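Coordinates from upload_18.cif are shown below (mmCIF, C-alpha atoms).
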```cif
data_run
#
loop_
_atom_site.label_atom_id
_atom_site.label_comp_id
_atom_site.auth_asym_id
_atom_site.auth_seq_id
_atom_site.Cartn_x
_atom_site.Cartn_y
_atom_site.Cartn_z
CA MET A 227 -23.35 -19.86 -2.77
CA ALA A 228 -24.74 -17.23 -5.10
CA THR A 229 -24.93 -17.75 -8.84
CA GLY A 230 -25.00 -15.30 -11.70
CA ILE A 231 -23.94 -11.66 -11.78
CA SER A 232 -24.59 -10.10 -8.36
CA PHE A 233 -23.14 -6.65 -9.06
CA ARG A 234 -23.02 -3.89 -11.63
CA GLU A 235 -20.54 -1.16 -12.46
CA VAL A 236 -21.56 2.35 -11.40
CA GLU A 237 -19.91 5.74 -11.76
CA LEU A 238 -18.77 8.24 -9.15
CA PRO A 239 -17.72 11.84 -9.88
CA GLU A 240 -14.26 11.25 -8.38
CA GLN A 241 -13.29 8.51 -10.86
CA LYS A 242 -10.74 9.38 -13.56
CA PRO A 243 -11.05 8.24 -17.19
CA GLN A 244 -7.95 6.53 -18.57
CA ASN A 245 -6.54 6.47 -22.09
CA ASP A 246 -7.77 2.92 -22.77
CA GLY A 247 -11.34 3.89 -22.00
CA PHE A 248 -11.92 2.64 -18.46
CA LEU A 249 -12.62 4.55 -15.27
CA PHE A 250 -10.21 4.38 -12.34
CA PRO A 251 -11.05 2.82 -10.00
CA ALA A 252 -13.87 0.48 -10.99
CA VAL A 253 -16.88 0.90 -8.68
CA LEU A 254 -19.35 -1.96 -8.14
CA SER A 255 -22.74 -1.98 -6.43
CA PRO A 256 -25.25 -4.80 -5.90
CA ASN A 257 -27.73 -5.63 -8.63
CA CYS A 258 -31.22 -4.64 -7.55
CA SER A 259 -32.49 -8.02 -8.71
CA SER A 260 -29.84 -10.00 -6.81
CA ASP A 261 -30.06 -11.19 -3.21
CA SER A 262 -26.38 -12.21 -3.11
CA THR A 263 -23.72 -10.35 -1.16
CA ALA A 264 -20.05 -9.53 -1.51
CA THR A 265 -19.38 -12.49 0.78
CA GLU A 266 -21.05 -14.90 -1.67
CA LEU A 267 -19.06 -15.04 -4.90
CA ASP A 268 -19.23 -17.92 -7.34
CA ALA A 269 -16.31 -18.91 -9.59
CA PHE A 270 -17.61 -16.87 -12.53
CA GLU A 271 -17.83 -13.72 -10.45
CA VAL A 272 -14.37 -14.20 -8.94
CA ASN A 273 -12.85 -14.60 -12.41
CA ARG A 274 -14.64 -11.50 -13.62
CA LEU A 275 -13.47 -9.50 -10.62
CA GLU A 276 -9.88 -10.67 -11.06
CA SER A 277 -9.97 -9.54 -14.69
CA LEU A 278 -11.36 -6.18 -13.61
CA LEU A 279 -8.61 -5.82 -11.01
CA LEU A 280 -5.91 -6.62 -13.57
CA LYS A 281 -7.31 -4.06 -16.00
CA ASN A 282 -8.36 -1.25 -13.67
CA GLY A 283 -5.92 -1.69 -10.81
CA ALA A 284 -8.52 -1.11 -8.08
CA VAL A 285 -12.15 -2.04 -7.41
CA LEU A 286 -14.40 -0.31 -4.88
CA PHE A 287 -17.42 -2.30 -3.61
CA ARG A 288 -20.09 0.10 -2.37
CA GLY A 289 -23.55 -0.66 -1.02
CA PHE A 290 -22.99 -4.31 -0.11
CA PRO A 291 -24.04 -5.56 3.35
CA VAL A 292 -20.53 -5.73 4.81
CA ILE A 293 -20.91 -4.51 8.39
CA SER A 294 -18.43 -6.18 10.70
CA PRO A 295 -14.80 -7.36 10.62
CA SER A 296 -16.15 -10.91 10.35
CA ASP A 297 -18.16 -9.93 7.26
CA PHE A 298 -15.00 -8.41 5.80
CA ASN A 299 -13.05 -11.57 6.57
CA ARG A 300 -15.63 -13.60 4.63
CA VAL A 301 -15.27 -11.24 1.65
CA ILE A 302 -11.51 -11.82 1.65
CA GLN A 303 -11.97 -15.58 1.87
CA ALA A 304 -14.53 -15.54 -0.96
CA PHE A 305 -11.87 -14.32 -3.37
CA GLY A 306 -9.62 -17.26 -2.55
CA PHE A 307 -6.33 -15.33 -2.62
CA PRO A 308 -3.69 -16.77 -0.25
CA GLU A 309 -2.81 -14.65 2.77
CA LEU A 310 0.47 -12.77 3.14
CA LEU A 311 1.34 -12.28 6.79
CA TYR A 312 2.51 -8.89 8.09
CA PHE A 313 6.21 -9.73 8.35
CA GLY A 314 8.96 -7.15 8.13
CA SER A 315 6.39 -4.38 7.97
CA GLY A 316 7.43 -0.95 9.23
CA ALA A 317 4.01 -0.03 10.59
CA PRO A 318 2.37 -1.15 13.84
CA ARG A 319 -0.80 -3.21 13.25
CA THR A 320 -3.09 -5.39 15.35
CA GLN A 321 -4.93 -8.55 14.32
CA VAL A 322 -8.69 -8.09 14.62
CA VAL A 323 -10.04 -11.43 13.41
CA ASP A 324 -8.42 -14.17 11.32
CA ARG A 325 -7.06 -12.40 8.18
CA VAL A 326 -8.22 -8.93 9.22
CA TYR A 327 -5.82 -6.38 10.75
CA THR A 328 -5.93 -2.73 11.64
CA ALA A 329 -4.51 -0.41 9.03
CA ASN A 330 -1.55 1.75 10.03
CA GLU A 331 -2.11 2.70 13.68
CA SER A 332 -0.29 6.04 13.64
CA PRO A 333 -2.26 9.18 14.65
CA LEU A 334 -5.02 9.74 12.12
CA ASP A 335 -4.23 13.43 11.72
CA GLN A 336 -0.96 12.41 10.04
CA GLU A 337 -0.76 12.03 6.29
CA ILE A 338 0.82 8.86 4.91
CA PRO A 339 2.52 9.47 1.53
CA PHE A 340 1.90 7.32 -1.54
CA HIS A 341 3.55 3.91 -1.61
CA HIS A 342 3.29 0.37 -2.85
CA GLU A 343 2.67 -1.77 0.21
CA MET A 344 5.94 -3.25 1.56
CA ALA A 345 7.92 -2.29 -1.54
CA TYR A 346 10.88 -1.85 0.82
CA VAL A 347 11.24 -5.63 1.29
CA PRO A 348 11.72 -8.36 -1.34
CA TYR A 349 8.46 -10.13 -0.45
CA PHE A 350 5.36 -7.96 -0.79
CA PRO A 351 1.63 -8.48 -1.28
CA THR A 352 0.13 -8.42 -4.75
CA LYS A 353 -3.37 -7.49 -3.54
CA LEU A 354 -4.68 -5.33 -0.69
CA PHE A 355 -8.15 -5.32 0.88
CA PHE A 356 -9.45 -2.32 2.82
CA PHE A 357 -12.75 -2.10 4.73
CA CYS A 358 -14.46 0.97 6.16
CA GLU A 359 -15.93 -0.08 9.49
CA GLU A 360 -16.39 3.49 10.74
CA GLU A 361 -16.94 6.24 8.17
CA PRO A 362 -14.85 9.40 8.70
CA GLY A 363 -16.65 12.59 9.56
CA ALA A 364 -14.30 14.44 7.20
CA GLY A 365 -10.93 13.68 5.66
CA GLY A 366 -9.17 10.38 6.27
CA GLU A 367 -9.50 9.20 2.65
CA THR A 368 -7.26 6.55 1.09
CA PRO A 369 -6.05 8.19 -2.16
CA ILE A 370 -4.88 5.90 -4.97
CA VAL A 371 -2.90 6.51 -8.14
CA LEU A 372 -1.89 4.34 -11.09
CA SER A 373 1.80 3.59 -10.81
CA HIS A 374 2.61 3.45 -14.53
CA ILE A 375 1.48 7.06 -14.92
CA ILE A 376 3.99 8.17 -12.29
CA TYR A 377 6.75 6.22 -14.03
CA GLU A 378 5.92 7.64 -17.45
CA LYS A 379 5.78 11.25 -16.26
CA MET A 380 8.96 10.93 -14.22
CA LYS A 381 10.72 9.35 -17.21
CA GLN A 382 9.62 12.28 -19.36
CA ARG A 383 10.61 15.00 -16.90
CA HIS A 384 13.61 13.46 -15.13
CA PRO A 385 15.10 10.81 -17.46
CA ASP A 386 18.59 10.90 -15.89
CA PHE A 387 17.18 10.41 -12.39
CA VAL A 388 15.03 7.49 -13.52
CA ASP A 389 18.03 5.96 -15.30
CA GLN A 390 19.98 6.13 -12.02
CA LEU A 391 17.10 4.51 -10.15
CA GLU A 392 16.88 1.68 -12.64
CA LYS A 393 20.65 1.20 -12.68
CA HIS A 394 21.36 1.26 -8.95
CA GLY A 395 18.04 0.54 -7.24
CA LEU A 396 17.20 1.79 -3.76
CA THR A 397 18.44 1.10 -0.25
CA TYR A 398 15.94 1.65 2.58
CA VAL A 399 17.09 2.36 6.13
CA LYS A 400 14.98 2.53 9.27
CA ILE A 401 15.81 3.09 12.93
CA ALA A 402 13.47 0.62 14.65
CA PRO A 403 12.81 0.95 18.39
CA GLU A 404 12.41 -1.96 20.76
CA ASP A 405 8.72 -1.15 21.24
CA ASP A 406 6.14 0.22 18.83
CA ASP A 407 5.97 4.00 18.60
CA PRO A 408 2.30 4.85 17.90
CA SER A 409 3.17 8.48 17.19
CA SER A 410 4.71 7.67 13.79
CA TYR A 411 3.44 5.88 10.68
CA THR A 412 6.89 4.25 10.42
CA GLY A 413 7.08 3.58 14.17
CA GLY A 414 6.83 -0.20 14.14
CA SER A 415 9.40 -1.89 16.37
CA TRP A 416 11.86 -4.57 15.30
CA LYS A 417 10.02 -6.94 17.65
CA SER A 418 6.75 -6.38 15.76
CA ALA A 419 8.46 -6.54 12.37
CA TYR A 420 10.10 -9.92 13.01
CA LYS A 421 7.62 -11.41 15.50
CA THR A 422 10.21 -12.06 18.21
CA ASN A 423 11.86 -10.54 21.27
CA ASP A 424 15.16 -12.28 20.49
CA LYS A 425 17.76 -10.23 18.58
CA LYS A 426 19.44 -13.31 17.08
CA ILE A 427 16.14 -14.68 15.77
CA ALA A 428 15.28 -11.22 14.40
CA GLU A 429 18.61 -11.18 12.54
CA GLU A 430 17.97 -14.62 11.08
CA ARG A 431 14.46 -13.73 9.95
CA ALA A 432 15.60 -10.41 8.50
CA ALA A 433 18.39 -12.13 6.56
CA LYS A 434 15.84 -14.37 4.84
CA HIS A 435 14.33 -11.17 3.41
CA GLY A 436 17.65 -9.74 2.28
CA THR A 437 17.78 -7.37 5.26
CA ARG A 438 20.55 -6.83 7.80
CA LEU A 439 20.25 -5.45 11.32
CA GLU A 440 22.80 -3.29 13.12
CA TRP A 441 22.36 -2.72 16.84
CA ALA A 442 22.73 0.25 19.15
CA GLU A 443 21.76 -1.30 22.48
CA ASN A 444 18.10 -2.32 21.95
CA THR A 445 17.51 -0.21 18.85
CA ALA A 446 17.90 -1.79 15.42
CA LYS A 447 19.08 -0.12 12.25
CA ILE A 448 17.24 -2.05 9.55
CA ILE A 449 18.97 -1.91 6.16
CA THR A 450 17.32 -3.43 3.09
CA GLY A 451 18.58 -3.33 -0.47
CA PRO A 452 19.51 -2.40 -2.97
CA LEU A 453 16.06 -3.29 -4.28
CA PRO A 454 14.59 -2.45 -7.70
CA ALA A 455 13.08 1.05 -7.79
CA THR A 456 10.67 0.23 -10.61
CA GLY A 457 8.49 -2.70 -11.51
CA PHE A 458 6.85 -4.18 -14.58
CA ASP A 459 3.13 -4.74 -15.06
CA GLU A 460 3.16 -7.87 -17.21
CA GLU A 461 -0.59 -7.91 -17.76
CA ASN A 462 -0.54 -4.44 -19.37
CA ASP A 463 3.08 -4.50 -20.65
CA ARG A 464 4.32 -1.32 -18.94
CA LYS A 465 6.76 -0.18 -16.27
CA THR A 466 5.59 1.00 -12.85
CA TRP A 467 6.91 3.25 -10.08
CA PHE A 468 7.16 0.34 -7.66
CA ASN A 469 8.85 1.76 -4.56
CA SER A 470 8.32 3.54 -1.24
CA LEU A 471 10.25 6.68 -2.14
CA ALA A 472 7.55 9.11 -1.05
CA VAL A 473 7.35 7.52 2.42
CA ALA A 474 11.08 7.19 3.02
CA TYR A 475 12.25 10.48 1.47
CA ARG A 476 13.05 13.04 4.15
CA GLY A 477 13.77 16.15 2.10
CA PRO A 478 17.15 17.63 1.17
CA ALA A 479 20.06 15.57 2.46
CA THR A 480 20.83 16.32 6.09
CA GLU A 481 22.73 14.57 8.84
CA LYS A 482 21.13 11.21 9.51
CA THR A 483 19.63 10.65 12.93
CA ASN A 484 19.18 7.63 15.15
CA SER A 485 15.77 8.81 16.35
CA ARG A 486 13.36 5.91 16.68
CA GLY A 487 11.15 5.35 13.66
CA TYR A 488 13.33 7.58 11.48
CA THR A 489 13.61 6.31 7.91
CA TRP A 490 15.51 7.35 4.84
CA VAL A 491 16.26 6.10 1.36
CA GLU A 492 19.25 6.42 -0.92
CA LEU A 493 20.37 5.12 -4.28
CA GLY A 494 21.86 1.64 -4.21
CA ASN A 495 25.31 3.17 -4.80
CA GLY A 496 24.95 5.28 -1.65
CA MET A 497 24.18 8.57 -3.38
CA PRO A 498 21.30 10.77 -2.13
CA MET A 499 18.06 11.45 -3.97
CA ASP A 500 17.68 14.26 -6.51
CA ASP A 501 15.63 16.75 -4.48
CA ASP A 502 14.11 18.51 -7.51
CA ALA A 503 13.02 15.17 -8.98
CA MET A 504 11.53 14.10 -5.67
CA LYS A 505 9.53 17.32 -5.30
CA ASP A 506 8.20 16.86 -8.83
CA MET A 507 7.31 13.23 -8.07
CA LEU A 508 5.19 14.29 -5.09
CA LYS A 509 3.47 16.92 -7.22
CA ILE A 510 2.70 14.43 -9.99
CA MET A 511 1.22 11.98 -7.49
CA GLU A 512 -1.12 14.65 -6.16
CA GLU A 513 -2.17 15.68 -9.67
CA GLU A 514 -2.89 12.16 -10.86
CA CYS A 515 -4.48 10.56 -7.80
CA VAL A 516 -8.12 9.72 -7.15
CA VAL A 517 -9.62 10.55 -3.75
CA ILE A 518 -12.99 8.97 -2.97
CA PRO A 519 -14.45 9.65 0.50
CA TRP A 520 -15.07 6.48 2.50
CA LYS A 521 -18.61 5.27 3.17
CA LYS A 522 -19.42 2.78 5.91
CA GLY A 523 -19.27 -0.75 4.50
CA ASP A 524 -17.00 0.12 1.57
CA VAL A 525 -14.51 -2.56 0.52
CA LEU A 526 -11.60 -1.43 -1.64
CA VAL A 527 -9.47 -4.05 -3.40
CA VAL A 528 -6.15 -2.78 -4.76
CA ASN A 529 -3.72 -4.42 -7.16
CA ASN A 530 -0.51 -3.58 -5.29
CA LEU A 531 1.58 -4.19 -8.42
CA MET A 532 -0.27 -1.44 -10.32
CA VAL A 533 -1.46 1.10 -7.77
CA LEU A 534 0.09 3.25 -5.03
CA HIS A 535 -2.00 4.30 -2.05
CA GLY A 536 -1.70 6.69 0.88
CA ARG A 537 -3.77 8.27 3.66
CA ARG A 538 -5.19 11.76 3.96
CA PRO A 539 -5.20 13.38 7.41
CA LEU A 540 -8.41 12.88 9.36
CA ILE A 541 -10.23 16.18 9.86
CA LYS A 542 -13.26 14.98 11.80
CA PRO A 543 -13.44 11.62 13.66
CA PRO A 544 -14.26 8.83 13.79
CA ARG A 545 -12.41 6.63 11.30
CA ARG A 546 -11.70 2.90 11.39
CA ILE A 547 -10.26 1.22 8.32
CA LEU A 548 -9.25 -2.43 8.44
CA ALA A 549 -6.93 -4.20 6.03
CA SER A 550 -5.67 -7.54 4.76
CA LEU A 551 -2.75 -8.54 2.53
CA CYS A 552 -2.75 -11.27 -0.12
CA LYS A 553 0.05 -12.97 -2.03
#
```
Could you write out this structure as structure tokens?
Amino acid sequence: MATGISFREVELPEQKPQNDGFLFPAVLSPNCSSDSTATELDAFEVNRLESLLLKNGAVLFRGFPVISPSDFNRVIQAFGFPELLYFGSGAPRTQVVDRVYTANESPLDQEIPFHHEMAYVPYFPTKLFFFCEEEPGAGGETPIVLSHIIYEKMKQRHPDFVDQLEKHGLTYVKIAPEDDDPSSYTGGSWKSAYKTNDKKIAEERAAKHGTRLEWAENTAKIITGPLPATGFDEENDRKTWFNSLAVAYRGPATEKTNSRGYTWVELGNGMPMDDDAMKDMLKIMEEECVVIPWKKGDVLVVNNLMVLHGRRPLIKPPRRILASLCK
């Protein structure tokens, strides 16, 4: 086990300065004088990294000898955070080794909008780990944005809409097929979501998460909510935009469809979203986000309570990003 400080903070041109003086995200590289690795963290280092994650919201490890999924798994274990299993997730994923899974398996030329991981269910991870096993040729970044900034700007520009969100919450609806649909980033099947082929067991497991299932033959309509549309960052005493609105919003209200993988979101009272507010939300997210190109061996740790993330379309293959969720 390594002792002492094995890393140092460095700066990248893509980082954004914040009002309280720190750069988002924090970026760490190995100390030249240290022979320790990101898989060898002593208690002091873990405590320091946790403090950095609570303050900055995200930490990128760059230049450490993390090569394989097994290396990545050891990094995750070194932090000591308990695992949160992929349960009720809307995206198809595959276990690679122990706590390591593929990231969303939808076609890499598709963009995935900003979201807090699994904000559409009552039980969600507090921390996310990402690992770049294969560096993209171009594109394929994982953009991140501080959630409290989105909340504050939306509250300033659309106070009535935010008041409605906070009053009524959000209801998420998804048409889940019997089998995974790899063509969509929301194409996970109900069998994958609830780890069973039995409809009755799926209903029981969904109910434990405050979700109900309605059936049309072997297709499930998954209805969750109302859930809170905002969160609260206790460490920094501020509200956050804790939801999956950008993923579930489908544009101006139209007739709902039972196409597999189709998702939508509405206010907890059944009313549709304010389209002007939603368009502005997407614009704000793009203006405020940070986009750092992946490098092979990068490990990105995200505080899911503070930071939204997404995926840019891949322009030039390859790209292989692995992930893990923590309670």
Tell me which protein, DNA and RNA residues are within 12 Å of Lys393 (chain A), counting only C-alpha atoms, leaving out same-chain ones fewer than 2 positions away, and put them as a ChimeraX atom specification.
-> /A:386-391,395-396,452-456,493-495
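Closest approach to His535 (chain A) from the set A:Ala284, A:Val301, A:Leu548, A:Met497 is made by A:Ala284, with distances taken over all atoms listed in the file.
Residues matched by the PyMOL selection byres ((chain A and resi 235) around 12) in this file are Ile231, Ser232, Phe233, Arg234, Val236, Glu237, Leu238, Phe248, Leu249, Phe250, Pro251, Ala252, Val253, Leu254, Ser255, Pro256, Asn257, Arg274, Leu275, Leu278, Val285, Leu286, Phe287, Arg288 and Gly289 of chain A.
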For this file, the PyMOL selection byres ((chain A and resi 471-473) around 12) selects which residues, as an MDAnalysis selection string?
-> chainID A and resid 316:317 337:346 376 391 395:400 410:412 453:456 467:470 474:477 488:493 498:501 503:512 534:537
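Remark: for Lys425 (chain A), the closest of the candidate residues A:Phe305, A:Trp441, A:Phe357, A:Tyr312 is A:Trp441 (distances computed over only C-alpha atoms).
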Any chance you could work out the residue set of the PyMOL selection byres ((chain A and resi 551) around 6) here, as a VMD selection string?
-> chain A and resid 310 351 354 550 552
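Note that CA of Thr437 (chain A) and CA of Ile449 (chain A) are 5.7 Å apart.
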Interatomic distance (Å, one decimal) between CA of Phe307 (chain A) and CA of Val323 (chain A) = 16.9 Å
Do a neighbour search on Leu372 (chain A) at 6 Å with all atoms listed in the file, toss out local chain neighbours closer than 2 positions, and write the hits as a PyMOL selection string.
-> chain A and resi 374-375+533
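In terms of minimum interatomic distance to Leu526 (chain A), A:Leu279 ranks closest within A:Ile541, A:Leu311, A:Ala364, A:Leu279, counting all atoms listed in the file.
Note that CA of Pro308 (chain A) and CA of Ile293 (chain A) are 22.8 Å apart.
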Test item: which residues lie within 7 Å of (-14.0, -6.7, 16.0) counting only C-alpha atoms, as a PyMOL selection string | chain A and resi 294-295+322-323
Proximity to Gly314 (chain A) - best of A:Phe298, A:Tyr327, A:Tyr420, A:Tyr349, all atoms listed in the file = A:Tyr420
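Nearest residue to Ser277 (chain A) among A:Glu404, A:Glu359, A:Asp246, A:Glu461 is A:Glu461, counting only C-alpha atoms.
Counting all atoms listed in the file and comparing A:Leu334, A:Val525, A:Ile448, A:Ala402, the residue that lies closest to Lys542 (chain A) is A:Leu334.
Applying the 7 Å criterion to (-7.2, 10.0, -11.1) in file coordinates and using all atoms listed in the file, one obtains the residues Gln241, Lys242, Phe250, Val371, Glu514, Cys515 and Val516 of chain A.
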